[in-house]
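Engineer: Submitted below is the structure of interest, expressed as structure tokens.
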6 protein chains.
Amino acid sequence: MPTAGMVEYGDASQEVRAIYDEIMAVKGIDFVPNFWKTLASHPPLLAEVWRSLHRAMAPGRLDALTKEMIALAVSATNGCTYCIRSHTAAARKLGMDEAMLGELMAVVGTFNQTNRLADGYQVAVDEQLMAGSEGGSARAALTRASRALRQTRVASRKAQRTPKARQRGSRRRP
Amino acid sequence: MPTAGMVEYGDASQEVRAIYDEIMAVKGIDFVPNFWKTLASHPPLLAEVWRSLHRAMAPGRLDALTKEMIALAVSATNGCTYCIRSHTAAARKLGMDEAMLGELMAVVGTFNQTNRLADGYQVAVDEQLMAGSEGGSARAALTRASRALRQTRVASRKAQRTPKARQRGSRRRP
Amino acid sequence: MPTAGMVEYGDASQEVRAIYDEIMAVKGIDFVPNFWKTLASHPPLLAEVWRSLHRAMAPGRLDALTKEMIALAVSATNGCTYCIRSHTAAARKLGMDEAMLGELMAVVGTFNQTNRLADGYQVAVDEQLMAGSEGGSARAALTRASRALRQTRVASRKAQRTPKARQRGSRRRP
Amino acid sequence: MPTAGMVEYGDASQEVRAIYDEIMAVKGIDFVPNFWKTLASHPPLLAEVWRSLHRAMAPGRLDALTKEMIALAVSATNGCTYCIRSHTAAARKLGMDEAMLGELMAVVGTFNQTNRLADGYQVAVDEQLMAGSEGGSARAALTRASRALRQTRVASRKAQRTPKARQRGSRRRP
Amino acid sequence: MPTAGMVEYGDASQEVRAIYDEIMAVKGIDFVPNFWKTLASHPPLLAEVWRSLHRAMAPGRLDALTKEMIALAVSATNGCTYCIRSHTAAARKLGMDEAMLGELMAVVGTFNQTNRLADGYQVAVDEQLMAGSEGGSARAALTRASRALRQTRVASRKAQRTPKARQRGSRRRP
Amino acid sequence: MPTAGMVEYGDASQEVRAIYDEIMAVKGIDFVPNFWKTLASHPPLLAEVWRSLHRAMAPGRLDALTKEMIALAVSATNGCTYCIRSHTAAARKLGMDEAMLGELMAVVGTFNQTNRLADGYQVAVDEQLMAGSEGGSARAALTRASRALRQTRVASRKAQRTPKARQRGSRRRP
């Protein structure tokens, strides 16, 4: 049992239920995961975290599977059991097989090793790597930034309309 | 230099600028911190993170100083230089003195120690602690959850109106 | 089972038993948690860790509940199951309800996010934050330091006397 | 200065130099990064780590850019400055622009947040996620495993031959 | 069940079986631990990780027990259950008793505490410590490096021959 | 500059100065490291942390160098710059050369890798490892525990007498 009372679908307020519906629709599952039922013990947290996660995971320049694998890499590095299980399941659903998981884990393992070696030996960043890692000029970033924000606003408005549309139709893809 | 181009106020789009204004107003500072100028290189990230952080830090059942000290405890545990500096400055502004910082650090240090001992010895959770840490029944959580969500929605609408009001008046509290 | 033999109350030496008694008295519980029974496999560790923790958690400029919530924030950041259970139980006992836990978790979640963004983008600390986070002059610290140390010594002596007093009376607050 | 004496190319033994040459050839750079010059203070470490990393990063089922972005996600989660700079530079070279970096950081930030929430609330893994995350039967894995190992051996032998071939030709791609 | 299909000895390819045999011979155990059976789901990962680990753990300037205790210190700091169990078992087998484990844990606990205090207070490194921690000149490192690499190559060749020899004799010490 | 005012020797209270003297005597250095000068901003913290650390690092069943190397392994795993520099300097002074550091780092790197693989794949602990890692019976632990605690008390009393003796004589070993 988690440290806060999970809110079951049948007991949820209308607003919490709307978020549950959206979660199941977006993720294509027919149950509300314990994670979200627990966050619902403090609805503002449920609303915030779902919104952030939904935005971050929406396919954009990176596709959905790549994003799930990055989420898995982060979760493995942090050793979070729930998250590892959850993102492995999601990535498998999107096509990750044992060899892809193996390659992912090889990268995760290797850089957890080199991270500690670079820190452990206190290696200074090479000038060439410093230069190669720096962002472009603000001016150049501006145009892209402005355009991207506009797209987000549009996407956000769409996202707010979509769940309702989905609710009317085939809400829960099994 | 960060790994993405920082967007200066003068170069920012209208939408990014609106967020910058809100940040300065809410935090009572007269400059845009590098953290936010860097996130502006990808405006959707700026918008999401600012919104989440703003909500999380708004005084509620926990006051602003307690929240800053918790943020500092997290940042010290993660060893994040930028965040430690930022939250120490914010907590000092809200009244944290050297003795309070000392007590905070004593707690942070002690539990980083005991966390590793509990894990290192693989201590099982006592039944009494398990019972004492569990959340209440879902039914009980329901009423509170519903009420809290409604309050959040109201706060959210207010928060959306407020920045503009602040901009008209004395936007930047020094 | 932990990786070291737990020492039960009945099997404990007089000195270990005295520490067990103090733990139960101070925490107001009627059992010795597994954590302490495990540390007792190496008594110097038990003595040291209990003393440190007892001092760090004694109400001072920060109250007991705030300290428990900071301990929980650290434990959640480190992902330590035993410690999360233990400090959630302790904080609940001191009055933390689901909404307070929700606000605490919102702060913990948000700053684990921003910590990685500040590091991930390699954001440099602003001069203003650097200045605002620095400690006062040594001279100013001196007077406070001297006074605080004296108070600690007094508290320490008192703490050494208290358990015995408690043992005579109602040792275990249920 | 790192905590071990860096070995410069001109001072290196023939065997260390051969590894340096391979590093520059594979990474397409014309300098030996400080990280490798530091590991060379203990040549067996240099040899092991380079070999592991080279294998892990070779394009396979995941392409080179995806692997660099996963490496960056791990490094940001661990807060390793050298590694963040190094993998950001490498990913940029392979085509990562500010929007892709932004999406990557959004995912990294979000899951560092949810990881701590899942742990912090002690959420139990849903049966559905448990089932969905489990590996296939050993029998099914066998055929793939056997085939993959054979391919690795071949790749390994090739990799051992390649550096020499490269050394004869245009060793350092600028 | 792990997130990848474990490969049992009876189902393993000849190449995977050879690695399993070597693992049991080197570690003196008569079963293949789940960790290695899981890595075998992606044989290149099994081969790489076993090789790295075998080299890193071979007694050299540090003896086997010291290395196991360092592995345990790392695993406790990362909170990895499997690894803590595994290295505690290995260290016990090599002679670690409860007092040694207690001293080890005291060091692990203490420095997880001070690490966060040094970071949390943003303490700058003293010039004296900086100087005292720096590696010697590259020239001096060269001779040692060259010699060490040669020894490794020899050891590597020997290690490749040894397992077979062991397999012929008493492969599995119970 | 740290986030709390460092207390210089000349400005310190008599009690803080006594701790400074003990630190320099025990560590055989002729300066007070920034770490301790910073903790002195909250004297109870200075007193507690120094005492814990002094006890944990005193040679016992593990020798001083082994303890410093374990401290370095923890610090590298946590990525704490101050601590890495500090313990590398201390270990070098006690005889750690580049090859020993190299072997230490090889172990630290390898297990940061395997820790994330064991977690990342969610490998269950083998029954054999579980059994082999468990502590002995409480009864057996009792005798040792009792004896060890008595020795600690004696050591503690000695330690309290020693500094004064040292202060009278050649306080600062250079």
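Residue names in the structure tokens use chain letters A, B, ... in the order shown, residue numbers from 1 in each chain, and ligand numbers from 1 in the order shown.
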For chain D, work out the contacting residues on chain F at 9 Å, counting only C-alpha atoms, and write them as a list in words.
Structural biologist: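 Going by the stated atoms only, the list reads Asn78, Gly79, Ile84, Arg85, Thr88, Ala89, Glu98, Ala99, Met100, Leu101, Gly102, Glu103, Met105 and Ala106 of chain F.
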Engineer: I need the residues from that last selection saved to file as an mmCIF file, in the first residue's frame (with C-alpha atoms), if you can.
Structural biologist:
data_model
loop_
_atom_site.group_PDB
_atom_site.id
_atom_site.type_symbol
_atom_site.label_atom_id
_atom_site.label_comp_id
_atom_site.auth_asym_id
_atom_site.auth_seq_id
_atom_site.Cartn_x
_atom_site.Cartn_y
_atom_site.Cartn_z
ATOM 1 C CA ASN F 78 28.167 10.713 -5.300
ATOM 2 C CA GLY F 79 30.247 13.019 -7.500
ATOM 3 C CA ILE F 84 37.018 13.430 -3.855
ATOM 4 C CA ARG F 85 39.900 15.918 -3.600
ATOM 5 C CA THR F 88 42.428 11.409 -2.652
ATOM 6 C CA ALA F 89 44.901 13.693 -0.872
ATOM 7 C CA GLU F 98 48.501 5.610 -9.253
ATOM 8 C CA ALA F 99 48.086 1.846 -9.705
ATOM 9 C CA MET F 100 46.122 1.475 -6.486
ATOM 10 C CA LEU F 101 43.946 4.441 -7.426
ATOM 11 C CA GLY F 102 43.482 2.839 -10.836
ATOM 12 C CA GLU F 103 42.323 -0.436 -9.314
ATOM 13 C CA MET F 105 38.485 3.369 -9.812
ATOM 14 C CA ALA F 106 38.089 0.184 -11.861
#
Engineer: Please, what distance in Å, to one decimal, runs between atom CA of Lys37 of chain F and atom CA of Met130 of chain E?
Structural biologist: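 Here the two named atoms are 16.8 Å from each other.
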Engineer: Please list as a ChimeraX atom specification every residue within 8 Å of Val74 of chain B, counting only C-alpha atoms and excluding residues in the same chain fewer than 4 positions away.
Structural biologist: /B:70,78 /C:73-74,77,108,111-112
Engineer: For the residues in that selection, give me N, CA and C atoms as a compact mmCIF listing (two decimals), in the first residue's frame.
Structural biologist:
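Everything below was put into result.txt:
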# COMPACT_ATOMS: atom_id res chain seq x y z
N ILE B 70 12.88 22.79 1.84
CA ILE B 70 12.75 21.43 1.28
C ILE B 70 13.44 21.38 -0.09
N ASN B 78 21.07 16.02 -4.14
CA ASN B 78 21.45 15.75 -5.53
C ASN B 78 22.77 16.41 -5.92
N ALA C 73 11.80 14.24 2.49
CA ALA C 73 12.22 14.77 1.19
C ALA C 73 13.56 14.16 0.77
N VAL C 74 14.48 14.06 1.72
CA VAL C 74 15.79 13.45 1.44
C VAL C 74 15.61 11.98 1.09
N THR C 77 14.15 11.43 -2.32
CA THR C 77 15.16 11.73 -3.35
C THR C 77 16.15 10.59 -3.49
N VAL C 108 9.25 18.12 -3.81
CA VAL C 108 10.30 17.12 -4.04
C VAL C 108 10.38 16.76 -5.53
N PHE C 111 11.76 19.78 -7.79
CA PHE C 111 13.17 20.12 -7.73
C PHE C 111 14.07 18.96 -8.13
N ASN C 112 13.57 17.76 -8.08
CA ASN C 112 14.34 16.70 -8.72
C ASN C 112 14.35 16.91 -10.23
Engineer: Which neighbours of Leu129 of chain F fall inside 12 Å, counting only C-alpha atoms, when residues of the same chain fewer than 2 positions from it are skipped, and could you give them as a list in words?
Structural biologist: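 With the cut-off at 12 Å, the set is Thr3 of chain C; Ile29, Asp30, Phe31, Val32, Pro33, Asn34, Phe35, Thr81, Tyr82, Cys83, Ile84, Arg85, Ser86, His87, Thr88, Ala89, Ala90, Ala91, Arg92 and Lys93 of chain E; Ala124, Val125, Asp126, Glu127, Ala131, Gly132, Ser133 and Glu134 of chain F.
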Engineer: Measuring between only C-alpha atoms, which one of F:Ala25, F:Leu117, F:Met96, F:Ala12 shows the shortest distance to Arg61 of chain E?
Structural biologist: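 Between F:Ala25, F:Leu117, F:Met96, F:Ala12, the residue approaching Arg61 of chain E most closely is F:Met96.
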Engineer: What does the distance between atom CA of Lys27 of chain C and atom CA of Ala58 of chain C come to in Å, to one decimal place?
Structural biologist: 10.7 Å
Engineer: Got a sec to tell me which of segment 47-147 of chain C DSSP assigns to helix (DSSP H, G or I), as a PyMOL selection string?
Structural biologist: chain C and resi 47-57+64-78+81-93+98-120+127-133+138-147
Engineer: Between atom CA of Leu62 of chain F and atom CA of Ala64 of chain E, what is the spacing in Å?
Structural biologist: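 A separation of 14.1 Å between them.
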